[in-house]
>>> print(open('query_9.csv').read())   # CSV, C-alpha atoms
chain,number,residue,atom,x,y,z
A,67,MET,CA,136.1,68.0,111.2
A,68,GLN,CA,133.0,70.0,110.2
A,69,ARG,CA,132.5,73.7,110.5
A,70,PHE,CA,132.9,74.2,114.2
A,71,ALA,CA,136.0,71.9,114.6
A,72,ASP,CA,138.4,74.8,114.5
A,73,GLY,CA,142.1,74.5,115.1
A,74,HIS,CA,141.8,74.7,118.8
A,75,THR,CA,139.2,72.0,118.9
A,76,LEU,CA,141.2,69.7,116.7
A,77,GLN,CA,144.3,70.3,118.8
A,78,LEU,CA,142.3,69.3,122.0
A,79,ALA,CA,141.1,66.2,120.2
A,80,HIS,CA,144.7,65.3,119.3
A,81,ASP,CA,145.9,66.0,122.9
A,82,PHE,CA,143.2,63.8,124.3
A,83,ASP,CA,144.1,61.1,121.8
A,84,ARG,CA,147.6,61.1,123.3
A,85,ILE,CA,146.5,60.7,126.9
A,86,ALA,CA,143.6,58.3,126.3
A,87,ALA,CA,145.3,55.2,127.5
A,88,ARG,CA,146.2,56.8,130.9
A,89,TYR,CA,143.2,59.0,131.4
A,90,ASP,CA,141.4,56.6,133.7
A,91,LEU,CA,144.5,55.9,135.7
A,92,LEU,CA,144.8,59.6,136.4
A,93,GLN,CA,141.2,59.9,137.6
A,94,GLN,CA,141.9,57.2,140.2
A,95,PHE,CA,143.8,59.9,142.0
A,96,ASN,CA,140.8,62.3,141.9
A,97,PRO,CA,138.6,61.5,144.9
A,98,GLY,CA,134.9,61.7,144.0
A,99,TYR,CA,135.4,61.9,140.3
A,100,ARG,CA,133.3,58.8,139.5
A,101,SER,CA,130.7,59.2,142.2
A,102,ASP,CA,130.1,62.8,141.2
A,103,LEU,CA,129.3,61.7,137.7
A,104,VAL,CA,126.8,59.2,139.1
A,105,LEU,CA,125.2,62.0,141.0
A,106,SER,CA,124.8,64.1,137.9
A,107,ALA,CA,123.5,61.1,135.9
A,108,ARG,CA,120.9,60.4,138.6
A,109,ARG,CA,119.8,64.0,138.6
A,110,MET,CA,118.8,63.7,135.0
A,111,ASN,CA,115.8,61.7,136.1
A,112,ALA,CA,115.5,59.9,132.8
A,113,PRO,CA,112.9,57.2,132.2
A,114,GLU,CA,114.1,53.6,132.7
A,115,HIS,CA,113.9,52.6,129.1
A,116,GLY,CA,114.7,56.0,127.6
A,117,ARG,CA,117.1,57.2,125.0
A,118,ILE,CA,120.1,59.1,126.5
A,119,LEU,CA,122.8,61.1,124.8
A,120,ASP,CA,126.3,61.4,126.5
A,121,VAL,CA,128.1,64.3,124.9
A,122,CYS,CA,131.9,64.6,125.2
A,123,CYS,CA,131.9,61.1,126.7
A,124,GLY,CA,135.7,60.7,126.7
A,125,THR,CA,136.9,57.3,127.9
A,126,GLY,CA,133.3,56.4,128.9
A,127,LEU,CA,133.5,57.3,132.6
A,128,SER,CA,130.4,59.4,132.2
A,129,THR,CA,128.8,56.7,130.2
A,130,GLU,CA,129.5,54.2,133.0
A,131,ALA,CA,127.7,56.5,135.3
A,132,LEU,CA,124.7,56.6,133.0
A,133,ARG,CA,124.7,52.8,132.6
A,134,GLN,CA,124.8,52.5,136.4
A,135,CYS,CA,121.7,54.7,136.8
A,136,TYR,CA,119.8,53.6,133.8
A,137,PRO,CA,120.8,50.0,133.0
A,138,ASN,CA,117.9,49.5,130.5
A,139,ALA,CA,118.4,52.8,128.6
A,140,GLN,CA,119.6,53.1,125.0
A,141,ILE,CA,122.7,55.2,125.3
A,142,THR,CA,124.5,57.1,122.5
A,143,ALA,CA,127.9,58.5,123.5
A,144,VAL,CA,129.8,61.0,121.3
A,145,ASP,CA,133.3,62.4,121.5
A,146,ILE,CA,135.6,64.1,119.1
A,147,SER,CA,138.7,62.2,120.3
A,148,THR,CA,138.9,58.8,118.6
A,149,GLY,CA,141.6,57.8,121.1
A,150,MET,CA,139.3,58.3,124.0
A,151,LEU,CA,136.5,56.5,122.2
A,152,ALA,CA,138.7,53.5,121.6
A,153,THR,CA,139.3,53.2,125.3
A,154,ALA,CA,135.6,53.6,126.0
A,155,ARG,CA,134.6,50.9,123.6
A,156,LYS,CA,136.9,48.3,125.4
A,157,LYS,CA,135.0,48.6,128.7
A,158,PRO,CA,133.0,45.4,129.2
A,159,GLY,CA,130.2,47.3,131.1
A,160,LEU,CA,129.5,49.4,128.1
A,161,HIS,CA,128.6,46.7,125.6
A,162,GLY,CA,125.5,47.9,123.7
A,163,VAL,CA,126.3,51.6,124.0
A,164,ARG,CA,126.4,53.3,120.6
A,165,PHE,CA,129.7,55.2,120.4
A,166,ILE,CA,130.1,57.9,117.7
A,167,ALA,CA,133.1,60.0,116.8
A,168,GLY,CA,131.8,63.5,116.3
A,169,ASP,CA,131.9,67.2,117.2
A,170,ALA,CA,129.6,68.4,120.0
A,171,MET,CA,128.8,71.4,117.8
A,172,GLU,CA,127.6,69.2,114.9
A,173,LEU,CA,125.7,66.4,116.4
A,174,ASP,CA,123.3,66.2,113.5
A,175,LYS,CA,126.2,65.4,111.2
A,176,CYS,CA,127.4,62.5,113.2
A,177,GLY,CA,124.1,60.7,113.6
A,178,ALA,CA,123.2,61.8,117.1
A,179,ASP,CA,119.8,63.2,115.9
A,180,GLY,CA,117.5,62.3,118.8
A,181,PRO,CA,115.0,63.0,120.1
A,182,TYR,CA,116.4,62.0,123.5
A,183,ASP,CA,114.9,61.6,127.0
A,184,GLY,CA,118.0,63.1,128.6
A,185,VAL,CA,121.4,64.5,127.8
A,186,LEU,CA,124.6,64.5,129.9
A,187,MET,CA,127.5,66.7,129.1
A,188,ALA,CA,130.4,66.3,131.5
A,189,TYR,CA,133.4,68.7,131.4
A,190,GLY,CA,132.6,69.6,127.8
A,191,ILE,CA,130.7,72.9,127.5
A,192,ARG,CA,133.6,75.1,128.5
A,193,ASN,CA,135.7,73.6,125.7
A,194,VAL,CA,133.5,74.2,122.7
A,195,PRO,CA,134.2,77.2,120.4
A,196,ASP,CA,130.6,78.6,120.6
A,197,PRO,CA,128.8,77.6,123.9
A,198,ASP,CA,125.6,79.5,123.0
A,199,GLU,CA,125.2,77.7,119.7
A,200,CYS,CA,126.1,74.4,121.2
A,201,LEU,CA,123.4,74.8,123.9
A,202,ALA,CA,120.8,75.8,121.4
A,203,ARG,CA,121.6,72.7,119.3
A,204,LEU,CA,121.5,70.4,122.3
A,205,ARG,CA,118.1,71.8,123.2
A,206,THR,CA,116.8,70.6,119.8
A,207,ARG,CA,118.0,67.0,120.6
A,208,LEU,CA,115.7,66.7,123.6
A,209,LYS,CA,112.1,65.6,123.9
A,210,PRO,CA,109.8,68.2,125.4
A,211,GLY,CA,110.2,68.2,129.2
A,212,ALA,CA,113.4,66.1,129.1
A,213,ARG,CA,116.5,67.2,131.0
A,214,ALA,CA,120.0,68.1,130.1
A,215,VAL,CA,122.6,67.9,132.8
A,216,PHE,CA,125.9,69.8,132.5
A,217,HIS,CA,128.4,68.4,134.9
A,218,GLU,CA,131.0,71.2,135.0
A,219,TYR,CA,133.5,73.2,136.9
A,220,SER,CA,132.6,76.8,137.7
A,221,VAL,CA,134.7,78.8,140.2
A,222,ALA,CA,134.5,82.4,138.8
A,223,GLY,CA,131.8,83.5,141.3
A,224,SER,CA,133.8,82.6,144.4
A,225,LEU,CA,137.3,83.6,145.5
A,226,VAL,CA,137.4,80.7,147.9
A,227,SER,CA,136.4,78.1,145.2
A,228,ARG,CA,138.9,79.6,142.8
A,229,ALA,CA,141.6,79.4,145.4
A,230,ILE,CA,140.8,75.8,146.2
A,231,TRP,CA,140.7,74.9,142.5
A,232,ASN,CA,144.0,76.5,141.8
A,233,ALA,CA,145.7,74.9,144.8
A,234,VAL,CA,144.5,71.5,143.8
A,235,ALA,CA,145.3,72.0,140.1
A,236,GLY,CA,148.7,73.4,140.8
A,237,ALA,CA,149.8,70.9,143.4
A,238,VAL,CA,148.1,67.7,142.1
A,239,ILE,CA,146.3,67.8,138.7
A,240,VAL,CA,149.0,69.5,136.5
A,241,PRO,CA,152.1,67.8,137.9
A,242,LEU,CA,150.4,64.4,138.2
A,243,GLY,CA,148.8,64.6,134.8
A,244,THR,CA,152.1,65.6,133.3
A,245,ALA,CA,154.0,62.8,135.0
A,246,LEU,CA,151.4,60.1,134.0
A,247,THR,CA,150.8,61.3,130.4
A,248,GLY,CA,153.7,63.6,129.4
A,249,SER,CA,151.1,66.2,128.3
A,250,GLY,CA,151.8,69.1,130.6
A,251,GLU,CA,150.4,71.7,128.3
A,252,LEU,CA,147.0,70.0,128.2
A,253,PHE,CA,146.6,70.0,131.9
A,254,LYS,CA,147.8,73.6,132.1
A,255,TYR,CA,145.1,74.4,129.6
A,256,LEU,CA,142.4,72.5,131.6
A,257,ARG,CA,143.4,74.5,134.7
A,258,ARG,CA,143.1,77.8,132.8
A,259,SER,CA,139.8,76.8,131.1
A,260,VAL,CA,138.2,76.3,134.5
A,261,ASN,CA,139.4,79.7,135.7
A,262,GLU,CA,138.0,81.4,132.5
A,263,PHE,CA,134.6,79.6,132.4
A,264,ASP,CA,131.3,81.3,133.3
A,265,ASP,CA,130.2,81.9,136.8
A,266,LEU,CA,126.9,80.1,137.5
A,267,PRO,CA,124.6,83.0,136.9
A,268,LYS,CA,126.1,83.6,133.5
A,269,PHE,CA,125.8,80.0,132.5
A,270,GLU,CA,122.2,79.8,133.8
A,271,GLN,CA,121.5,82.8,131.5
A,272,ARG,CA,123.1,81.1,128.6
A,273,LEU,CA,120.8,78.1,129.1
A,274,ARG,CA,117.7,80.3,129.3
A,275,ASN,CA,118.8,82.2,126.1
A,276,ALA,CA,119.1,78.8,124.4
A,277,GLY,CA,115.5,78.0,125.3
A,278,PHE,CA,115.8,75.9,128.4
A,279,ASP,CA,113.5,76.2,131.3
A,280,GLY,CA,113.6,75.3,135.0
A,281,VAL,CA,117.3,75.7,135.4
A,282,GLN,CA,118.5,74.1,138.7
A,283,LEU,CA,121.9,73.9,140.5
A,284,ALA,CA,123.0,71.0,142.6
A,285,ALA,CA,126.2,70.8,144.5
A,286,MET,CA,128.8,68.0,144.9
A,287,PRO,CA,130.1,66.8,148.3
A,288,GLY,CA,133.5,67.2,149.8
A,289,TRP,CA,136.2,69.5,148.4
A,290,ARG,CA,134.3,69.7,145.1
A,291,ARG,CA,131.5,71.7,146.7
A,292,GLY,CA,131.4,75.1,145.1
A,293,ILE,CA,133.8,73.9,142.3
A,294,VAL,CA,132.0,71.1,140.4
A,295,HIS,CA,128.3,71.4,139.8
A,296,SER,CA,125.3,69.7,138.2
A,297,VAL,CA,123.5,72.3,136.2
A,298,ILE,CA,120.1,70.9,135.3
A,299,ALA,CA,118.0,72.4,132.5
A,300,GLN,CA,114.6,71.3,131.1
A,301,ALA,CA,113.7,71.4,127.5
>>> encode(input="query_9.csv", output="C-alpha coordinates")
Amino acid sequence: MQRFADGHTLQLAHDFDRIAARYDLLQQFNPGYRSDLVLSARRMNAPEHGRILDVCCGTGLSTEALRQCYPNAQITAVDISTGMLATARKKPGLHGVRFIAGDAMELDKCGADGPYDGVLMAYGIRNVPDPDECLARLRTRLKPGARAVFHEYSVAGSLVSRAIWNAVAGAVIVPLGTALTGSGELFKYLRRSVNEFDDLPKFEQRLRNAGFDGVQLAAMPGWRRGIVHSVIAQA
(Lines of atoms letter the chains of each structure in order from A and count residues from 1; the text may use other names and numbers.)
(Lines give C-alpha, C1' and ligand atoms only; values in the text may rest on other atoms or scores of the structure.)
Protein backbone atom coordinates (compact mmCIF):
# COMPACT_ATOMS: atom_id res chain seq x y z
CA MET A 1 0.00 0.00 0.00
CA GLN A 2 2.32 2.92 -0.92
CA ARG A 3 6.06 2.97 -0.52
CA PHE A 4 6.33 2.54 3.24
CA ALA A 5 3.72 -0.23 3.56
CA ASP A 6 6.33 -2.97 3.55
CA GLY A 7 5.66 -6.65 4.12
CA HIS A 8 5.77 -6.28 7.90
CA THR A 9 3.29 -3.40 7.89
CA LEU A 10 0.92 -5.21 5.57
CA GLN A 11 1.10 -8.33 7.73
CA LEU A 12 0.22 -6.24 10.79
CA ALA A 13 -2.73 -4.78 8.92
CA HIS A 14 -3.90 -8.27 8.00
CA ASP A 15 -3.47 -9.50 11.57
CA PHE A 16 -5.48 -6.57 12.96
CA ASP A 17 -8.17 -7.18 10.33
CA ARG A 18 -8.56 -10.69 11.77
CA ILE A 19 -9.04 -9.56 15.37
CA ALA A 20 -11.02 -6.37 14.73
CA ALA A 21 -14.39 -7.80 15.77
CA ARG A 22 -13.03 -8.84 19.19
CA TYR A 23 -10.53 -6.08 19.86
CA ASP A 24 -12.85 -3.95 22.00
CA LEU A 25 -13.89 -7.00 24.02
CA LEU A 26 -10.24 -7.66 24.79
CA GLN A 27 -9.71 -4.11 26.03
CA GLN A 28 -12.54 -4.49 28.52
CA PHE A 29 -10.11 -6.70 30.45
CA ASN A 30 -7.46 -3.96 30.40
CA PRO A 31 -8.11 -1.68 33.41
CA GLY A 32 -7.55 1.95 32.54
CA TYR A 33 -7.23 1.48 28.78
CA ARG A 34 -10.04 3.86 27.85
CA SER A 35 -9.49 6.39 30.65
CA ASP A 36 -5.79 6.60 29.77
CA LEU A 37 -6.68 7.49 26.19
CA VAL A 38 -8.96 10.25 27.50
CA LEU A 39 -6.07 11.62 29.56
CA SER A 40 -3.82 11.77 26.51
CA ALA A 41 -6.56 13.34 24.39
CA ARG A 42 -7.17 16.02 27.02
CA ARG A 43 -3.45 16.74 27.24
CA MET A 44 -3.49 17.75 23.58
CA ASN A 45 -5.26 20.95 24.66
CA ALA A 46 -6.80 21.42 21.21
CA PRO A 47 -9.28 24.25 20.51
CA GLU A 48 -12.97 23.50 20.94
CA HIS A 49 -13.78 23.72 17.23
CA GLY A 50 -10.40 22.60 15.94
CA ARG A 51 -9.37 20.07 13.34
CA ILE A 52 -7.86 16.95 14.91
CA LEU A 53 -6.09 13.97 13.35
CA ASP A 54 -6.22 10.54 14.99
CA VAL A 55 -3.41 8.41 13.52
CA CYS A 56 -3.58 4.61 13.89
CA CYS A 57 -7.12 4.94 15.24
CA GLY A 58 -7.85 1.19 15.20
CA THR A 59 -11.42 0.42 16.24
CA GLY A 60 -11.96 4.03 17.26
CA LEU A 61 -11.26 3.81 20.99
CA SER A 62 -8.81 6.69 20.68
CA THR A 63 -11.33 8.50 18.48
CA GLU A 64 -13.98 8.11 21.18
CA ALA A 65 -11.56 9.68 23.65
CA LEU A 66 -11.06 12.63 21.32
CA ARG A 67 -14.80 13.02 20.79
CA GLN A 68 -15.35 12.98 24.56
CA CYS A 69 -12.79 15.75 25.09
CA TYR A 70 -13.57 17.78 21.96
CA PRO A 71 -17.25 17.20 21.07
CA ASN A 72 -17.31 20.06 18.54
CA ALA A 73 -14.05 19.27 16.77
CA GLN A 74 -13.67 18.05 13.20
CA ILE A 75 -11.96 14.69 13.59
CA THR A 76 -10.18 12.73 10.88
CA ALA A 77 -9.17 9.19 11.85
CA VAL A 78 -6.71 7.07 9.85
CA ASP A 79 -5.74 3.40 10.07
CA ILE A 80 -4.16 0.92 7.69
CA SER A 81 -6.45 -1.92 8.86
CA THR A 82 -9.75 -1.84 6.99
CA GLY A 83 -11.18 -4.35 9.46
CA MET A 84 -10.48 -2.10 12.42
CA LEU A 85 -11.94 0.87 10.54
CA ALA A 86 -15.11 -1.09 9.76
CA THR A 87 -15.61 -1.63 13.49
CA ALA A 88 -14.93 2.05 14.24
CA ARG A 89 -17.43 3.27 11.66
CA LYS A 90 -20.24 1.32 13.36
CA LYS A 91 -19.92 3.17 16.65
CA PRO A 92 -22.87 5.52 17.12
CA GLY A 93 -20.85 8.07 19.06
CA LEU A 94 -18.50 8.55 16.12
CA HIS A 95 -20.98 9.70 13.49
CA GLY A 96 -19.46 12.67 11.72
CA VAL A 97 -15.88 11.45 12.08
CA ARG A 98 -14.05 11.20 8.76
CA PHE A 99 -12.49 7.72 8.68
CA ILE A 100 -9.76 7.05 6.12
CA ALA A 101 -7.92 3.86 5.22
CA GLY A 102 -4.27 4.81 4.93
CA ASP A 103 -0.67 4.31 5.95
CA ALA A 104 0.66 6.47 8.80
CA MET A 105 3.81 6.91 6.69
CA GLU A 106 1.89 8.32 3.72
CA LEU A 107 -0.82 10.57 5.13
CA ASP A 108 -0.57 12.96 2.19
CA LYS A 109 -1.57 10.13 -0.15
CA CYS A 110 -4.74 9.22 1.75
CA GLY A 111 -6.15 12.75 2.06
CA ALA A 112 -5.14 13.56 5.65
CA ASP A 113 -3.35 16.70 4.53
CA GLY A 114 -4.13 19.14 7.35
CA PRO A 115 -3.21 21.50 8.72
CA TYR A 116 -4.50 20.25 12.07
CA ASP A 117 -4.89 21.80 15.50
CA GLY A 118 -3.81 18.56 17.15
CA VAL A 119 -2.64 15.01 16.41
CA LEU A 120 -3.11 11.93 18.56
CA MET A 121 -1.16 8.76 17.80
CA ALA A 122 -1.97 5.94 20.21
CA TYR A 123 0.11 2.75 20.21
CA GLY A 124 1.28 3.42 16.68
CA ILE A 125 4.74 4.97 16.46
CA ARG A 126 6.56 1.84 17.58
CA ASN A 127 4.99 -0.13 14.72
CA VAL A 128 5.93 2.06 11.74
CA PRO A 129 8.93 1.05 9.61
CA ASP A 130 10.66 4.45 9.86
CA PRO A 131 9.75 6.34 13.07
CA ASP A 132 11.94 9.34 12.27
CA GLU A 133 10.39 9.88 8.85
CA CYS A 134 6.91 9.35 10.29
CA LEU A 135 7.48 11.99 12.98
CA ALA A 136 8.86 14.47 10.46
CA ARG A 137 5.80 14.01 8.27
CA LEU A 138 3.41 14.32 11.19
CA ARG A 139 5.13 17.58 12.11
CA THR A 140 4.15 19.02 8.73
CA ARG A 141 0.48 18.17 9.35
CA LEU A 142 0.26 20.52 12.35
CA LYS A 143 -0.45 24.22 12.58
CA PRO A 144 2.31 26.26 14.24
CA GLY A 145 2.09 25.83 18.00
CA ALA A 146 -0.28 22.86 17.81
CA ARG A 147 0.40 19.71 19.80
CA ALA A 148 0.99 16.10 18.86
CA VAL A 149 0.42 13.57 21.63
CA PHE A 150 1.95 10.11 21.40
CA HIS A 151 0.16 7.69 23.71
CA GLU A 152 2.66 4.87 23.91
CA TYR A 153 4.38 2.19 25.92
CA SER A 154 8.01 2.74 26.88
CA VAL A 155 9.72 0.42 29.36
CA ALA A 156 13.32 0.30 28.11
CA GLY A 157 14.55 2.80 30.67
CA SER A 158 13.38 0.96 33.78
CA LEU A 159 14.00 -2.60 34.91
CA VAL A 160 10.94 -2.39 37.18
CA SER A 161 8.65 -1.15 34.40
CA ARG A 162 9.96 -3.79 32.01
CA ALA A 163 9.39 -6.51 34.61
CA ILE A 164 5.81 -5.36 35.30
CA TRP A 165 5.05 -5.15 31.58
CA ASN A 166 6.37 -8.63 30.87
CA ALA A 167 4.53 -10.08 33.85
CA VAL A 168 1.22 -8.56 32.71
CA ALA A 169 1.85 -9.41 29.05
CA GLY A 170 2.88 -12.98 29.80
CA ALA A 171 0.16 -13.75 32.32
CA VAL A 172 -2.76 -11.80 30.85
CA ILE A 173 -2.36 -10.05 27.49
CA VAL A 174 -0.85 -12.84 25.37
CA PRO A 175 -2.97 -15.75 26.70
CA LEU A 176 -6.19 -13.73 26.85
CA GLY A 177 -5.62 -12.18 23.45
CA THR A 178 -4.91 -15.61 22.00
CA ALA A 179 -8.01 -17.12 23.61
CA LEU A 180 -10.33 -14.34 22.45
CA THR A 181 -8.98 -13.87 18.93
CA GLY A 182 -6.96 -16.95 18.01
CA SER A 183 -4.05 -14.70 16.98
CA GLY A 184 -1.34 -15.63 19.43
CA GLU A 185 1.53 -14.50 17.22
CA LEU A 186 0.16 -10.96 17.03
CA PHE A 187 0.06 -10.58 20.79
CA LYS A 188 3.54 -12.07 21.15
CA TYR A 189 4.70 -9.49 18.60
CA LEU A 190 3.01 -6.67 20.54
CA ARG A 191 4.75 -7.79 23.73
CA ARG A 192 8.08 -7.87 21.92
CA SER A 193 7.56 -4.50 20.22
CA VAL A 194 7.05 -2.80 23.59
CA ASN A 195 10.26 -4.34 24.93
CA GLU A 196 12.18 -3.18 21.87
CA PHE A 197 10.80 0.37 21.64
CA ASP A 198 12.80 3.48 22.60
CA ASP A 199 13.34 4.57 26.15
CA LEU A 200 11.83 8.01 26.79
CA PRO A 201 15.02 10.07 26.32
CA LYS A 202 15.63 8.45 22.94
CA PHE A 203 12.05 9.08 21.81
CA GLU A 204 12.24 12.70 23.04
CA GLN A 205 15.37 13.15 20.91
CA ARG A 206 13.61 11.69 17.88
CA LEU A 207 10.88 14.30 18.33
CA ARG A 208 13.36 17.14 18.55
CA ASN A 209 15.20 15.85 15.49
CA ALA A 210 11.87 15.90 13.63
CA GLY A 211 11.42 19.59 14.45
CA PHE A 212 9.15 19.43 17.49
CA ASP A 213 9.64 21.75 20.46
CA GLY A 214 8.57 21.78 24.10
CA VAL A 215 8.54 18.01 24.54
CA GLN A 216 6.76 17.02 27.77
CA LEU A 217 6.12 13.69 29.49
CA ALA A 218 2.97 12.90 31.45
CA ALA A 219 2.37 9.71 33.42
CA MET A 220 -0.62 7.41 33.67
CA PRO A 221 -2.12 6.29 36.98
CA GLY A 222 -2.11 2.85 38.55
CA TRP A 223 -0.08 -0.08 37.26
CA ARG A 224 0.49 1.72 33.95
CA ARG A 225 2.70 4.38 35.62
CA GLY A 226 6.15 4.08 34.11
CA ILE A 227 4.80 1.83 31.33
CA VAL A 228 2.27 3.89 29.34
CA HIS A 229 3.00 7.58 28.72
CA SER A 230 1.66 10.69 27.09
CA VAL A 231 4.55 12.22 25.17
CA ILE A 232 3.48 15.72 24.19
CA ALA A 233 5.31 17.69 21.49
CA GLN A 234 4.62 21.12 20.03
CA ALA A 235 4.97 22.06 16.39
>>> closest_residue(input="query_9.csv", among="A:Gly236, A:Gly211, A:Pro241, A:Gly159", to="A:Gly126", atoms="only C-alpha atoms")
A:Gly159
>>> residues_around(input="query_9.csv", residues="A:Met110", least_positions_apart="2", cutoff="10 Å", atoms="all atoms listed in the file", output="PyMOL selection string")
chain A and resi 105-108+112-113+118+132+135+183-186+212-216+296-300
>>> closest_residue(input="query_9.csv", among="A:Ala229, A:Leu76, A:Ile141, A:Ala178", to="A:His161", atoms="only C-alpha atoms")
A:Ile141
>>> atom_distance(input="query_9.csv", atom1="atom CA of A:Met150", atom2="atom CA of A:Pro97")
21.2 Å
>>> residues_around(input="query_9.csv", residues="A:Arg164", least_positions_apart="6", cutoff="12 Å", atoms="all atoms listed in the file", output="PyMOL selection string")
chain A and resi 117-121+123+126+129+139-145+151+154-155+176-178
>>> atom_distance(input="query_9.csv", atom1="atom CA of A:Leu78", atom2="atom CA of A:Ala188")
15.5 Å
>>> closest_residue(input="query_9.csv", among="A:Asn96, A:Thr247, A:Asn232, A:Ser101", to="A:Asp83", atoms="all atoms listed in the file")
A:Thr247
>>> closest_atom_pairs(input="query_9.csv", of="stretch 69-148 of chain A", to="stretch 248-268 of chain A", cutoff="12 Å", atoms="only C-alpha atoms", output="CSV")
residue,atom,partner,partner_atom,distance
A:His74,CA,A:Tyr255,CA,11.3
A:Gln77,CA,A:Leu252,CA,9.8
A:Leu78,CA,A:Leu252,CA,7.8
A:Ala79,CA,A:Leu252,CA,10.6
A:His80,CA,A:Leu252,CA,10.3
A:Asp81,CA,A:Leu252,CA,6.7
A:Phe82,CA,A:Leu252,CA,8.3
A:Asp83,CA,A:Ser249,CA,10.8
A:Arg84,CA,A:Ser249,CA,8.0
A:Ile85,CA,A:Ser249,CA,7.3
A:Ala86,CA,A:Ser249,CA,11.1
A:Arg88,CA,A:Gly248,CA,10.2
A:Tyr89,CA,A:Ser249,CA,11.1
A:Leu92,CA,A:Phe253,CA,11.5
>>> residues_near_point(input="query_9.csv", point="(143.0, 76.5, 143.5)", cutoff="12 Å", atoms="all atoms listed in the file", output="PyMOL selection string")
chain A and resi 220-222+224-240+257-258+260-261+289-290+292-293
>>> atom_distance(input="query_9.csv", atom1="atom CA of A:Thr206", atom2="atom CA of A:Cys122")
17.1 Å
>>> closest_residue(input="query_9.csv", among="A:Val281, A:Gly162, A:Met286, A:Gly243", to="A:Val104", atoms="only C-alpha atoms")
A:Met286
>>> residues_near_point(input="query_9.csv", point="(129.8, 79.3, 119.6)", cutoff="12 Å", atoms="all atoms listed in the file", output="VMD selection string")
chain A and resid 69 to 72 75 170 to 172 191 to 203 272 276
>>> closest_residue(input="query_9.csv", among="A:Gly124, A:Gly288, A:Gly116, A:Gly98", to="A:Met187", atoms="all atoms listed in the file")
A:Gly124
>>> closest_residue(input="query_9.csv", among="A:Gly280, A:Gly168, A:Glu114, A:Ala87", to="A:Ala152", atoms="only C-alpha atoms")
A:Ala87
